[in-house]
Amino acid sequence: MARNSRSVLSEFAKDAGKELKKWQRKMNSYLDKLSDKDRAFLGNYLEVLEHDYFKEEQRAYYQGMMDAVQMLGGLGLIKTGKNAKKIIAKIQK
């Protein structure tokens with residue numbers, strides 16, 4: 001039996017994506033007007049910011065996985081043995 005993979009994408013997320021594309025066009029136009037030094041500085045800042053956002057998204061994803069495992073274990077639907085506890089401990093580091 002084939003399984004369909006579904007991702008959650010709310011209208012809010014779709015609207016935010018459209019808004020981001022609009023601002024990316026404006027940002028590119030703005031960057032073209034900056035000196036090389038200023039463009040490099042702002043580019044570096046944006047890379048650090050994007051990396052920070054990625055790490056936060058990753059943390060939230062792992063937290064959701066941990067919550068789901070703990071909920072299923074609490075309902076008695078899955079066993080939460082030593083391996084699950086090891087995974088949780090590793091993620092929490």
# chains A, B, ... in the order shown; residues from 1 in each chain; ligands from 1
>>> residues_around(residues="Thr80 in chain A", least_positions_apart="6", cutoff="12 Å", atoms="only C-alpha atoms", output="list of chain:residue names")
A:Met66, A:Ala68, A:Val69, A:Gln70, A:Met71, A:Leu72, A:Gly73, A:Gly74, A:Lys86, A:Ile87, A:Ile88
>>> write_last_selection(atoms="N, CA and C atoms", output="compact mmCIF listing (two decimals), in the first residue's frame")
# COMPACT_ATOMS: atom_id res chain seq x y z
N MET A 66 9.58 14.43 20.25
CA MET A 66 9.68 13.95 21.63
C MET A 66 8.30 13.95 22.29
N ALA A 68 5.40 13.67 20.83
CA ALA A 68 4.60 12.60 20.24
C ALA A 68 4.98 11.24 20.82
N VAL A 69 6.28 10.97 20.95
CA VAL A 69 6.74 9.69 21.51
C VAL A 69 6.28 9.56 22.96
N GLN A 70 6.43 10.62 23.72
CA GLN A 70 6.02 10.57 25.12
C GLN A 70 4.50 10.40 25.25
N MET A 71 3.74 11.05 24.38
CA MET A 71 2.29 10.91 24.41
C MET A 71 1.88 9.48 24.07
N LEU A 72 2.46 8.94 22.99
CA LEU A 72 2.13 7.57 22.60
C LEU A 72 2.54 6.57 23.67
N GLY A 73 3.68 6.83 24.30
CA GLY A 73 4.11 5.97 25.40
C GLY A 73 3.18 6.08 26.59
N GLY A 74 2.76 7.30 26.90
CA GLY A 74 1.84 7.52 28.01
C GLY A 74 0.49 6.86 27.79
N LYS A 86 17.38 7.07 25.47
CA LYS A 86 18.69 7.48 24.95
C LYS A 86 18.54 8.53 23.86
N ILE A 87 17.56 8.32 22.98
CA ILE A 87 17.33 9.28 21.89
C ILE A 87 16.91 10.63 22.47
N ILE A 88 16.00 10.60 23.43
CA ILE A 88 15.56 11.85 24.06
C ILE A 88 16.72 12.56 24.72
>>> atom_distance(atom1="CA of Gly43 in chain A", atom2="CA of Asp15 in chain A")
24.8 Å
>>> select_by_dssp(residues="range 50-86 of chain A", states="alpha helix (DSSP H)", output="JSON list (two decimals) with N, CA, C and O atoms, in the first residue's frame")
[["chain", "number", "residue", "atom", "x", "y", "z"],
["A", 50, "GLU", "N", 19.58, 33.55, 9.36],
["A", 50, "GLU", "CA", 18.92, 32.40, 8.74],
["A", 50, "GLU", "C", 19.34, 31.09, 9.42],
["A", 50, "GLU", "O", 18.51, 30.21, 9.65],
["A", 51, "HIS", "N", 20.62, 30.97, 9.75],
["A", 51, "HIS", "CA", 21.11, 29.78, 10.43],
["A", 51, "HIS", "C", 20.45, 29.64, 11.81],
["A", 51, "HIS", "O", 20.05, 28.55, 12.21],
["A", 52, "ASP", "N", 20.31, 30.76, 12.51],
["A", 52, "ASP", "CA", 19.66, 30.74, 13.82],
["A", 52, "ASP", "C", 18.21, 30.30, 13.68],
["A", 52, "ASP", "O", 17.72, 29.50, 14.46],
["A", 53, "TYR", "N", 17.50, 30.82, 12.69],
["A", 53, "TYR", "CA", 16.11, 30.42, 12.47],
["A", 53, "TYR", "C", 16.02, 28.93, 12.15],
["A", 53, "TYR", "O", 15.13, 28.24, 12.62],
["A", 54, "PHE", "N", 16.94, 28.44, 11.34],
["A", 54, "PHE", "CA", 16.96, 27.01, 10.99],
["A", 54, "PHE", "C", 17.14, 26.17, 12.24],
["A", 54, "PHE", "O", 16.44, 25.17, 12.43],
["A", 55, "LYS", "N", 18.07, 26.55, 13.10],
["A", 55, "LYS", "CA", 18.32, 25.78, 14.32],
["A", 55, "LYS", "C", 17.08, 25.79, 15.22],
["A", 55, "LYS", "O", 16.76, 24.79, 15.86],
["A", 56, "GLU", "N", 16.39, 26.91, 15.30],
["A", 56, "GLU", "CA", 15.17, 26.98, 16.11],
["A", 56, "GLU", "C", 14.07, 26.10, 15.52],
["A", 56, "GLU", "O", 13.37, 25.40, 16.25],
["A", 57, "GLU", "N", 13.94, 26.09, 14.19],
["A", 57, "GLU", "CA", 12.96, 25.21, 13.55],
["A", 57, "GLU", "C", 13.29, 23.75, 13.83],
["A", 57, "GLU", "O", 12.40, 22.94, 14.09],
["A", 58, "GLN", "N", 14.56, 23.42, 13.77],
["A", 58, "GLN", "CA", 15.01, 22.06, 14.04],
["A", 58, "GLN", "C", 14.70, 21.68, 15.49],
["A", 58, "GLN", "O", 14.21, 20.59, 15.77],
["A", 59, "ARG", "N", 14.96, 22.59, 16.43],
["A", 59, "ARG", "CA", 14.67, 22.33, 17.83],
["A", 59, "ARG", "C", 13.18, 22.08, 18.03],
["A", 59, "ARG", "O", 12.76, 21.15, 18.72],
["A", 60, "ALA", "N", 12.34, 22.92, 17.41],
["A", 60, "ALA", "CA", 10.89, 22.77, 17.54],
["A", 60, "ALA", "C", 10.42, 21.45, 16.94],
["A", 60, "ALA", "O", 9.54, 20.77, 17.50],
["A", 61, "TYR", "N", 11.03, 21.04, 15.84],
["A", 61, "TYR", "CA", 10.68, 19.76, 15.21],
["A", 61, "TYR", "C", 11.02, 18.60, 16.14],
["A", 61, "TYR", "O", 10.19, 17.71, 16.37],
["A", 62, "TYR", "N", 12.22, 18.62, 16.70],
["A", 62, "TYR", "CA", 12.62, 17.56, 17.63],
["A", 62, "TYR", "C", 11.73, 17.56, 18.86],
["A", 62, "TYR", "O", 11.38, 16.50, 19.38],
["A", 63, "GLN", "N", 11.37, 18.74, 19.34],
["A", 63, "GLN", "CA", 10.48, 18.81, 20.51],
["A", 63, "GLN", "C", 9.14, 18.16, 20.18],
["A", 63, "GLN", "O", 8.58, 17.43, 21.00],
["A", 64, "GLY", "N", 8.63, 18.41, 19.00],
["A", 64, "GLY", "CA", 7.37, 17.79, 18.57],
["A", 64, "GLY", "C", 7.48, 16.28, 18.50],
["A", 64, "GLY", "O", 6.56, 15.55, 18.91],
["A", 65, "MET", "N", 8.62, 15.80, 18.00],
["A", 65, "MET", "CA", 8.82, 14.34, 17.95],
["A", 65, "MET", "C", 8.86, 13.77, 19.36],
["A", 65, "MET", "O", 8.24, 12.73, 19.63],
["A", 66, "MET", "N", 9.58, 14.43, 20.25],
["A", 66, "MET", "CA", 9.68, 13.95, 21.63],
["A", 66, "MET", "C", 8.30, 13.95, 22.29],
["A", 66, "MET", "O", 7.93, 12.99, 22.98],
["A", 67, "ASP", "N", 7.53, 15.00, 22.08],
["A", 67, "ASP", "CA", 6.20, 15.08, 22.66],
["A", 67, "ASP", "C", 5.31, 13.95, 22.14],
["A", 67, "ASP", "O", 4.57, 13.33, 22.91],
["A", 68, "ALA", "N", 5.40, 13.67, 20.83],
["A", 68, "ALA", "CA", 4.60, 12.60, 20.24],
["A", 68, "ALA", "C", 4.98, 11.24, 20.82],
["A", 68, "ALA", "O", 4.11, 10.44, 21.18],
["A", 69, "VAL", "N", 6.28, 10.97, 20.95],
["A", 69, "VAL", "CA", 6.74, 9.69, 21.51],
["A", 69, "VAL", "C", 6.28, 9.56, 22.96],
["A", 69, "VAL", "O", 5.77, 8.51, 23.37],
["A", 70, "GLN", "N", 6.43, 10.62, 23.72],
["A", 70, "GLN", "CA", 6.02, 10.57, 25.12],
["A", 70, "GLN", "C", 4.50, 10.40, 25.25],
["A", 70, "GLN", "O", 4.02, 9.66, 26.11],
["A", 71, "MET", "N", 3.74, 11.05, 24.38],
["A", 71, "MET", "CA", 2.29, 10.91, 24.41],
["A", 71, "MET", "C", 1.88, 9.48, 24.07],
["A", 71, "MET", "O", 1.07, 8.87, 24.77],
["A", 72, "LEU", "N", 2.46, 8.94, 22.99],
["A", 72, "LEU", "CA", 2.13, 7.57, 22.60],
["A", 72, "LEU", "C", 2.54, 6.57, 23.67],
["A", 72, "LEU", "O", 1.83, 5.60, 23.94],
["A", 73, "GLY", "N", 3.68, 6.83, 24.30],
["A", 73, "GLY", "CA", 4.11, 5.97, 25.40],
["A", 73, "GLY", "C", 3.18, 6.08, 26.59],
["A", 73, "GLY", "O", 2.82, 5.07, 27.21],
["A", 74, "GLY", "N", 2.76, 7.30, 26.90],
["A", 74, "GLY", "CA", 1.84, 7.52, 28.01],
["A", 74, "GLY", "C", 0.49, 6.86, 27.79],
["A", 74, "GLY", "O", -0.18, 6.44, 28.74],
["A", 82, "LYS", "N", 14.71, 1.74, 26.93],
["A", 82, "LYS", "CA", 16.00, 2.43, 27.06],
["A", 82, "LYS", "C", 16.37, 3.19, 25.80],
["A", 82, "LYS", "O", 16.94, 4.28, 25.87],
["A", 83, "ASN", "N", 16.07, 2.63, 24.62],
["A", 83, "ASN", "CA", 16.45, 3.30, 23.37],
["A", 83, "ASN", "C", 15.75, 4.64, 23.22],
["A", 83, "ASN", "O", 16.35, 5.62, 22.80],
["A", 84, "ALA", "N", 14.47, 4.69, 23.53],
["A", 84, "ALA", "CA", 13.74, 5.95, 23.43],
["A", 84, "ALA", "C", 14.32, 6.97, 24.40],
["A", 84, "ALA", "O", 14.49, 8.15, 24.06],
["A", 85, "LYS", "N", 14.65, 6.54, 25.60],
["A", 85, "LYS", "CA", 15.23, 7.45, 26.58],
["A", 85, "LYS", "C", 16.61, 7.94, 26.13],
["A", 85, "LYS", "O", 16.96, 9.10, 26.35],
["A", 86, "LYS", "N", 17.38, 7.07, 25.47],
["A", 86, "LYS", "CA", 18.69, 7.48, 24.95],
["A", 86, "LYS", "C", 18.54, 8.53, 23.86],
["A", 86, "LYS", "O", 19.28, 9.51, 23.81]]
>>> atom_distance(atom1="CA of Leu31 in chain A", atom2="CA of Glu11 in chain A")
29.9 Å
>>> atom_distance(atom1="CA of Ala16 in chain A", atom2="CA of Asn44 in chain A")
23.2 Å
>>> decode(residues="range 61-80 of chain A", atoms="N, CA and C atoms", output="CSV table (one decimal), in the first residue's frame")
chain,number,residue,atom,x,y,z
A,61,TYR,N,11.0,21.0,15.8
A,61,TYR,CA,10.7,19.8,15.2
A,61,TYR,C,11.0,18.6,16.1
A,62,TYR,N,12.2,18.6,16.7
A,62,TYR,CA,12.6,17.6,17.6
A,62,TYR,C,11.7,17.6,18.9
A,63,GLN,N,11.4,18.7,19.3
A,63,GLN,CA,10.5,18.8,20.5
A,63,GLN,C,9.1,18.2,20.2
A,64,GLY,N,8.6,18.4,19.0
A,64,GLY,CA,7.4,17.8,18.6
A,64,GLY,C,7.5,16.3,18.5
A,65,MET,N,8.6,15.8,18.0
A,65,MET,CA,8.8,14.3,18.0
A,65,MET,C,8.9,13.8,19.4
A,66,MET,N,9.6,14.4,20.2
A,66,MET,CA,9.7,13.9,21.6
A,66,MET,C,8.3,14.0,22.3
A,67,ASP,N,7.5,15.0,22.1
A,67,ASP,CA,6.2,15.1,22.7
A,67,ASP,C,5.3,13.9,22.1
A,68,ALA,N,5.4,13.7,20.8
A,68,ALA,CA,4.6,12.6,20.2
A,68,ALA,C,5.0,11.2,20.8
A,69,VAL,N,6.3,11.0,20.9
A,69,VAL,CA,6.7,9.7,21.5
A,69,VAL,C,6.3,9.6,23.0
A,70,GLN,N,6.4,10.6,23.7
A,70,GLN,CA,6.0,10.6,25.1
A,70,GLN,C,4.5,10.4,25.3
A,71,MET,N,3.7,11.1,24.4
A,71,MET,CA,2.3,10.9,24.4
A,71,MET,C,1.9,9.5,24.1
A,72,LEU,N,2.5,8.9,23.0
A,72,LEU,CA,2.1,7.6,22.6
A,72,LEU,C,2.5,6.6,23.7
A,73,GLY,N,3.7,6.8,24.3
A,73,GLY,CA,4.1,6.0,25.4
A,73,GLY,C,3.2,6.1,26.6
A,74,GLY,N,2.8,7.3,26.9
A,74,GLY,CA,1.8,7.5,28.0
A,74,GLY,C,0.5,6.9,27.8
A,75,LEU,N,0.1,6.8,26.5
A,75,LEU,CA,-1.2,6.1,26.2
A,75,LEU,C,-1.0,4.6,26.1
A,76,GLY,N,0.2,4.1,26.2
A,76,GLY,CA,0.5,2.7,26.2
A,76,GLY,C,0.5,2.1,24.7
A,77,LEU,N,0.6,3.0,23.8
A,77,LEU,CA,0.5,2.6,22.4
A,77,LEU,C,1.9,2.1,21.9
A,78,ILE,N,3.0,2.6,22.5
A,78,ILE,CA,4.3,2.2,22.2
A,78,ILE,C,5.1,2.0,23.5
A,79,LYS,N,6.1,1.2,23.4
A,79,LYS,CA,6.9,1.0,24.6
A,79,LYS,C,8.0,2.1,24.6
A,80,THR,N,8.2,2.7,25.7
A,80,THR,CA,9.3,3.6,25.9
A,80,THR,C,10.4,3.0,26.7
